[in-house]
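Q: I am sharing work_26.pdb, which consists of PDB, C-alpha atoms, pLDDT in the B column:
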MODEL        1
ATOM      1  CA  MET A   1       5.613  -2.028   0.469  1.00 97.00           C
ATOM      2  CA  ASP A   2       4.954  -0.796  -3.077  1.00 98.00           C
ATOM      3  CA  GLU A   3       2.021  -3.199  -3.342  1.00 98.00           C
ATOM      4  CA  VAL A   4       0.580  -1.885  -0.067  1.00 98.00           C
ATOM      5  CA  CYS A   5       0.937   1.727  -1.209  1.00 98.00           C
ATOM      6  CA  GLU A   6      -0.730   1.021  -4.548  1.00 98.00           C
ATOM      7  CA  PHE A   7      -3.606  -0.793  -2.869  1.00 98.00           C
ATOM      8  CA  LEU A   8      -4.205   2.134  -0.483  1.00 98.00           C
ATOM      9  CA  LYS A   9      -4.133   4.564  -3.402  1.00 98.00           C
ATOM     10  CA  LYS A  10      -6.620   2.408  -5.283  1.00 98.00           C
ATOM     11  CA  CYS A  11      -8.917   2.488  -2.239  1.00 97.00           C
ATOM     12  CA  GLY A  12      -8.985   6.267  -2.411  1.00 96.00           C
ATOM     13  CA  THR A  13     -10.279   6.377   1.144  1.00 98.00           C
ATOM     14  CA  TYR A  14      -9.032   3.919   3.734  1.00 98.00           C
ATOM     15  CA  TYR A  15      -9.609   3.927   7.487  1.00 98.00           C
ATOM     16  CA  LEU A  16      -6.974   4.555  10.134  1.00 98.00           C
ATOM     17  CA  ALA A  17      -7.482   3.510  13.756  1.00 98.00           C
ATOM     18  CA  THR A  18      -5.689   4.931  16.780  1.00 98.00           C
ATOM     19  CA  VAL A  19      -6.096   4.440  20.512  1.00 94.00           C
ATOM     20  CA  ASP A  20      -6.768   7.261  22.951  1.00 91.00           C
ATOM     21  CA  GLY A  21      -6.276   5.645  26.351  1.00 88.00           C
ATOM     22  CA  THR A  22      -8.596   2.654  26.105  1.00 90.00           C
ATOM     23  CA  GLN A  23     -10.917   4.075  23.426  1.00 94.00           C
ATOM     24  CA  PRO A  24     -10.226   3.286  19.745  1.00 96.00           C
ATOM     25  CA  HIS A  25     -10.878   5.987  17.148  1.00 97.00           C
ATOM     26  CA  VAL A  26     -11.299   5.373  13.421  1.00 98.00           C
ATOM     27  CA  ARG A  27     -11.298   8.004  10.699  1.00 98.00           C
ATOM     28  CA  PRO A  28     -11.014   8.225   6.918  1.00 98.00           C
ATOM     29  CA  PHE A  29      -7.602   8.919   5.389  1.00 98.00           C
ATOM     30  CA  GLY A  30      -6.499   9.227   1.792  1.00 98.00           C
ATOM     31  CA  THR A  31      -2.732   9.655   1.546  1.00 98.00           C
ATOM     32  CA  ALA A  32      -0.182   6.944   0.826  1.00 98.00           C
ATOM     33  CA  HIS A  33       3.219   7.924  -0.515  1.00 98.00           C
ATOM     34  CA  ILE A  34       6.640   6.321  -0.712  1.00 98.00           C
ATOM     35  CA  PHE A  35       9.553   8.609   0.103  1.00 98.00           C
ATOM     36  CA  GLU A  36      13.124   7.423   0.589  1.00 98.00           C
ATOM     37  CA  GLY A  37      12.015   3.798   0.787  1.00 98.00           C
ATOM     38  CA  LYS A  38       9.319   4.292   3.447  1.00 98.00           C
ATOM     39  CA  LEU A  39       5.526   4.391   3.242  1.00 98.00           C
ATOM     40  CA  TYR A  40       4.140   7.711   4.509  1.00 98.00           C
ATOM     41  CA  ILE A  41       0.753   9.102   5.482  1.00 98.00           C
ATOM     42  CA  GLN A  42      -0.158  12.748   6.166  1.00 98.00           C
ATOM     43  CA  THR A  43      -2.289  14.686   8.642  1.00 98.00           C
ATOM     44  CA  GLY A  44      -2.404  18.015  10.447  1.00 98.00           C
ATOM     45  CA  LYS A  45      -0.513  18.401  13.738  1.00 98.00           C
ATOM     46  CA  ARG A  46      -3.491  20.190  15.309  1.00 97.00           C
ATOM     47  CA  LYS A  47      -5.831  17.247  14.715  1.00 97.00           C
ATOM     48  CA  GLU A  48      -6.703  14.786  17.462  1.00 96.00           C
ATOM     49  CA  VAL A  49      -5.395  11.913  15.325  1.00 98.00           C
ATOM     50  CA  ALA A  50      -1.893  13.468  15.357  1.00 98.00           C
ATOM     51  CA  LYS A  51      -2.045  13.920  19.122  1.00 97.00           C
ATOM     52  CA  GLN A  52      -3.191  10.313  19.568  1.00 97.00           C
ATOM     53  CA  MET A  53      -0.376   8.946  17.377  1.00 98.00           C
ATOM     54  CA  ALA A  54       2.161  11.049  19.309  1.00 97.00           C
ATOM     55  CA  LYS A  55       1.015   9.438  22.574  1.00 96.00           C
ATOM     56  CA  ASN A  56       0.607   5.937  21.172  1.00 97.00           C
ATOM     57  CA  PRO A  57       2.109   5.365  17.709  1.00 98.00           C
ATOM     58  CA  LYS A  58       0.418   1.993  17.203  1.00 97.00           C
ATOM     59  CA  ILE A  59      -2.096   2.232  14.376  1.00 98.00           C
ATOM     60  CA  GLU A  60      -4.143  -0.007  12.159  1.00 98.00           C
ATOM     61  CA  ILE A  61      -5.299   0.732   8.634  1.00 98.00           C
ATOM     62  CA  CYS A  62      -8.078  -1.015   6.763  1.00 98.00           C
ATOM     63  CA  GLY A  63      -9.159  -0.469   3.172  1.00 98.00           C
ATOM     64  CA  PHE A  64     -11.476  -2.212   0.709  1.00 98.00           C
ATOM     65  CA  VAL A  65     -11.526  -2.384  -3.108  1.00 97.00           C
ATOM     66  CA  ASP A  66     -13.714  -4.662  -5.229  1.00 94.00           C
ATOM     67  CA  ASP A  67     -13.627  -8.035  -3.428  1.00 95.00           C
ATOM     68  CA  SER A  68     -10.312  -7.464  -1.632  1.00 97.00           C
ATOM     69  CA  TRP A  69      -9.282  -5.652   1.506  1.00 98.00           C
ATOM     70  CA  ILE A  70      -6.124  -4.883   3.429  1.00 98.00           C
ATOM     71  CA  ARG A  71      -5.305  -4.614   7.106  1.00 98.00           C
ATOM     72  CA  VAL A  72      -2.030  -2.919   8.065  1.00 98.00           C
ATOM     73  CA  THR A  73      -0.660  -2.814  11.598  1.00 98.00           C
ATOM     74  CA  ALA A  74       2.285  -0.503  12.215  1.00 98.00           C
ATOM     75  CA  ALA A  75       3.834   2.215  14.300  1.00 98.00           C
ATOM     76  CA  ALA A  76       3.435   5.724  12.870  1.00 98.00           C
ATOM     77  CA  VAL A  77       6.707   7.636  13.173  1.00 98.00           C
ATOM     78  CA  GLU A  78       6.760  11.381  12.560  1.00 98.00           C
ATOM     79  CA  ASP A  79       9.324  12.643  10.050  1.00 98.00           C
ATOM     80  CA  ASP A  80       9.736  16.353  10.744  1.00 97.00           C
ATOM     81  CA  ARG A  81      11.951  17.035   7.741  1.00 98.00           C
ATOM     82  CA  ARG A  82      10.772  19.636   5.269  1.00 98.00           C
ATOM     83  CA  GLU A  83      11.808  17.354   2.374  1.00 98.00           C
ATOM     84  CA  ALA A  84       9.401  14.647   3.545  1.00 98.00           C
ATOM     85  CA  ARG A  85       6.506  17.112   3.903  1.00 98.00           C
ATOM     86  CA  ALA A  86       7.233  18.674   0.503  1.00 98.00           C
ATOM     87  CA  SER A  87       7.381  15.267  -1.173  1.00 98.00           C
ATOM     88  CA  MET A  88       3.959  14.330   0.205  1.00 98.00           C
ATOM     89  CA  LEU A  89       2.435  17.630  -0.885  1.00 98.00           C
ATOM     90  CA  ASP A  90       3.944  17.249  -4.357  1.00 98.00           C
ATOM     91  CA  ALA A  91       2.373  13.783  -4.581  1.00 98.00           C
ATOM     92  CA  TYR A  92      -1.012  15.181  -3.464  1.00 98.00           C
ATOM     93  CA  PRO A  93      -1.246  18.697  -4.949  1.00 98.00           C
ATOM     94  CA  SER A  94      -4.832  19.143  -3.747  1.00 97.00           C
ATOM     95  CA  LEU A  95      -3.506  19.184  -0.164  1.00 97.00           C
ATOM     96  CA  LYS A  96      -1.678  22.420  -0.950  1.00 97.00           C
ATOM     97  CA  GLU A  97      -5.008  24.244  -0.598  1.00 97.00           C
ATOM     98  CA  LYS A  98      -4.903  23.528   3.168  1.00 97.00           C
ATOM     99  CA  TYR A  99      -1.273  22.677   3.921  1.00 98.00           C
ATOM    100  CA  SER A 100       2.262  23.753   3.079  1.00 98.00           C
ATOM    101  CA  ALA A 101       5.638  22.260   3.900  1.00 98.00           C
ATOM    102  CA  ASP A 102       6.419  25.259   6.125  1.00 98.00           C
ATOM    103  CA  ASP A 103       3.077  25.938   7.834  1.00 98.00           C
ATOM    104  CA  GLY A 104       3.966  24.288  11.163  1.00 98.00           C
ATOM    105  CA  ASN A 105       0.856  22.129  10.870  1.00 98.00           C
ATOM    106  CA  THR A 106       1.627  19.617   8.115  1.00 98.00           C
ATOM    107  CA  GLU A 107       2.706  16.301   9.594  1.00 98.00           C
ATOM    108  CA  VAL A 108       3.973  13.284   7.701  1.00 98.00           C
ATOM    109  CA  LEU A 109       4.511   9.938   9.335  1.00 98.00           C
ATOM    110  CA  TYR A 110       6.083   6.773   8.001  1.00 98.00           C
ATOM    111  CA  LEU A 111       4.942   3.279   8.871  1.00 98.00           C
ATOM    112  CA  SER A 112       7.480   1.313  10.895  1.00 98.00           C
ATOM    113  CA  ASP A 113       7.411  -2.373  11.858  1.00 98.00           C
ATOM    114  CA  ALA A 114       4.480  -2.800   9.496  1.00 98.00           C
ATOM    115  CA  THR A 115       2.587  -5.961   8.662  1.00 98.00           C
ATOM    116  CA  ALA A 116       0.040  -5.833   5.867  1.00 98.00           C
ATOM    117  CA  VAL A 117      -2.354  -8.659   5.158  1.00 98.00           C
ATOM    118  CA  PHE A 118      -4.234  -8.735   1.861  1.00 98.00           C
ATOM    119  CA  TYR A 119      -7.551 -10.561   2.010  1.00 98.00           C
ATOM    120  CA  SER A 120      -9.997 -11.646  -0.672  1.00 97.00           C
ATOM    121  CA  PHE A 121     -13.309 -13.459  -0.781  1.00 93.00           C
ATOM    122  CA  SER A 122     -11.781 -15.722  -3.425  1.00 91.00           C
ATOM    123  CA  GLY A 123      -8.300 -16.540  -2.153  1.00 93.00           C
ATOM    124  CA  GLU A 124      -5.923 -17.097   0.712  1.00 97.00           C
ATOM    125  CA  PRO A 125      -4.553 -14.151   2.703  1.00 98.00           C
ATOM    126  CA  LYS A 126      -1.153 -12.748   1.702  1.00 98.00           C
ATOM    127  CA  THR A 127       1.156 -11.170   4.304  1.00 98.00           C
ATOM    128  CA  VAL A 128       3.769  -8.487   3.600  1.00 98.00           C
ATOM    129  CA  LYS A 129       6.141  -7.080   6.228  1.00 98.00           C
ATOM    130  CA  PHE A 130       8.140  -3.896   5.866  1.00 97.00           C
TER     131      PHE A 130
ENDMDL
END
What is this structure when it is put down as structure tokens?

A:
Amino acid sequence: MDEVCEFLKKCGTYYLATVDGTQPHVRPFGTAHIFEGKLYIQTGKRKEVAKQMAKNPKIEICGFVDDSWIRVTAAAVEDDRREARASMLDAYPSLKEKYSADDGNTEVLYLSDATAVFYSFSGEPKTVKF
């Protein structure tokens, strides 16, 4: 899981896909944080992505750096604890311009039943489950 988190951070921007009914939606994301042994992402509760993950928690993440990329399949599980939100905001201080741990909008989700596959143009795929 640490390797997955570091890769996503190195990407800077990775892409998260959700499903709304039968239509997939992909958007850029930029948070990856480990808190209490789980890999978390962050969004705003008012955003369509949060509403889509609430209806169908299955997501896929894809990111690319240099000649390597990652694909992560998981379920996104909301953690509504203030401690989890505060930890994410402490890890990404720039988010504090738009979010706070107590604003009723900040949402953090951890990845459950995750499978990450690292790919490279020069090597065999590597799979990590967490």

Q: To verify the selection step, state as an MDAnalysis selection string which residues the PyMOL selection byres ((chain A and resi 53) around 10) yields on this input.

A: chainID A and resid 17:20 48:52 54:59 75:78 109

Q: Atom CA of A:Ala32 and atom CA of A:Tyr15 are how many Å apart?

A: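 Taking atom CA of A:Ala32 and atom CA of A:Tyr15, their separation equals 11.9 Å.
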
Q: From the list A:Glu107, A:Gly44, A:Ile70, A:Val26, which residue is nearest A:Glu6 when using only C-alpha atoms?

A: A:Ile70

Q: Determine, counting all atoms listed in the file, which protein, DNA and RNA residues have an atom within 10 Å of an atom of A:Phe64; residues of the same chain fewer than 2 positions away are not included. Present the result as a ChimeraX atom specification.

A: /A:7-8,10-15,62,66-71,118-120

Q: Take the residues that were just selected and, keeping C-alpha atoms, output them as an mmCIF file, in the coordinates of the input.

A:
data_model
loop_
_atom_site.group_PDB
_atom_site.id
_atom_site.type_symbol
_atom_site.label_atom_id
_atom_site.label_comp_id
_atom_site.auth_asym_id
_atom_site.auth_seq_id
_atom_site.Cartn_x
_atom_site.Cartn_y
_atom_site.Cartn_z
ATOM 1 C CA PHE A 7 -3.606 -0.793 -2.869
ATOM 2 C CA LEU A 8 -4.205 2.134 -0.483
ATOM 3 C CA LYS A 10 -6.620 2.408 -5.283
ATOM 4 C CA CYS A 11 -8.917 2.488 -2.239
ATOM 5 C CA GLY A 12 -8.985 6.267 -2.411
ATOM 6 C CA THR A 13 -10.279 6.377 1.144
ATOM 7 C CA TYR A 14 -9.032 3.919 3.734
ATOM 8 C CA TYR A 15 -9.609 3.927 7.487
ATOM 9 C CA CYS A 62 -8.078 -1.015 6.763
ATOM 10 C CA ASP A 66 -13.714 -4.662 -5.229
ATOM 11 C CA ASP A 67 -13.627 -8.035 -3.428
ATOM 12 C CA SER A 68 -10.312 -7.464 -1.632
ATOM 13 C CA TRP A 69 -9.282 -5.652 1.506
ATOM 14 C CA ILE A 70 -6.124 -4.883 3.429
ATOM 15 C CA ARG A 71 -5.305 -4.614 7.106
ATOM 16 C CA PHE A 118 -4.234 -8.735 1.861
ATOM 17 C CA TYR A 119 -7.551 -10.561 2.010
ATOM 18 C CA SER A 120 -9.997 -11.646 -0.672
#

Q: Taking (-7.8, 12.2, 1.2) as a centre in this file's frame and 10 Å as the limit, can you find every polymer residue with an atom that close, using only C-alpha atoms, and give them as a list in words?

A: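 Here the neighbourhood of the point contains Lys9, Gly12, Thr13, Tyr14, Pro28, Phe29, Gly30, Thr31, Ala32, Gln42, Thr43, Tyr92, Ser94 and Leu95 of chain A.
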
Q: Name the closest residue to A:Ala84 among the candidates A:Thr22, A:Thr106, A:Lys129, A:Arg27; distances are taken between atoms, counting all atoms listed in the file.

A: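 Looking at the shortest contact to A:Ala84, the residue is A:Thr106.
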
Q: Quick one: 5 Å padding each side, axis-aligned, all listed atoms of stretch 91-110 of chain A - centre and edge lengths in Å to one decimal, as lines of an AutoDock Vina configuration file?

A:
center_x = 0.7
center_y = 16.4
center_z = 3.1
size_x = 21.4
size_y = 29.2
size_z = 26.1

Q: Report as a PyMOL selection string all protein, DNA and RNA residues lying within 7 Å of A:Thr73, evaluated on all atoms listed in the file, omitting residues in the same chain fewer than 3 positions from it.

A: chain A and resi 59-61+114-116

Q: From the set A:Val72, A:Val65, A:Ala101, A:Cys5, which residue has the shortest atom-to-atom contact distance to A:His33, counting all atoms listed in the file?

A: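 The shortest atom-to-atom distance to A:His33 comes from A:Cys5.
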
Q: Please report the interatomic distance between atom CA of A:Asp103 and atom CA of A:Glu36 in Å with one decimal.

A: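 Calculated distance between atom CA of A:Asp103 and atom CA of A:Glu36 is 22.3 Å.
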
Q: Quick one, how far is atom CA of A:Arg81 from atom CA of A:Gly104?

A: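 Interatomic distance here is 11.3 Å.
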
Q: Ranking A:Ile41, A:Val128, A:Met1, A:Ser112 by minimum distance to A:Leu89 and counting all atoms listed in the file, which one comes first?

A: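 The answer is A:Ile41, which sits nearest to A:Leu89.
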
Q: A:Asp80, A:Ser87, A:Ala74, A:Gly63: which is nearest A:Leu111, counting all atoms listed in the file?

A: A:Ala74

Q: Quick one: of A:Phe121, A:Tyr99, A:Tyr110, A:Asp2, who's nearest to A:Lys45, counting all atoms listed in the file?

A: A:Tyr99
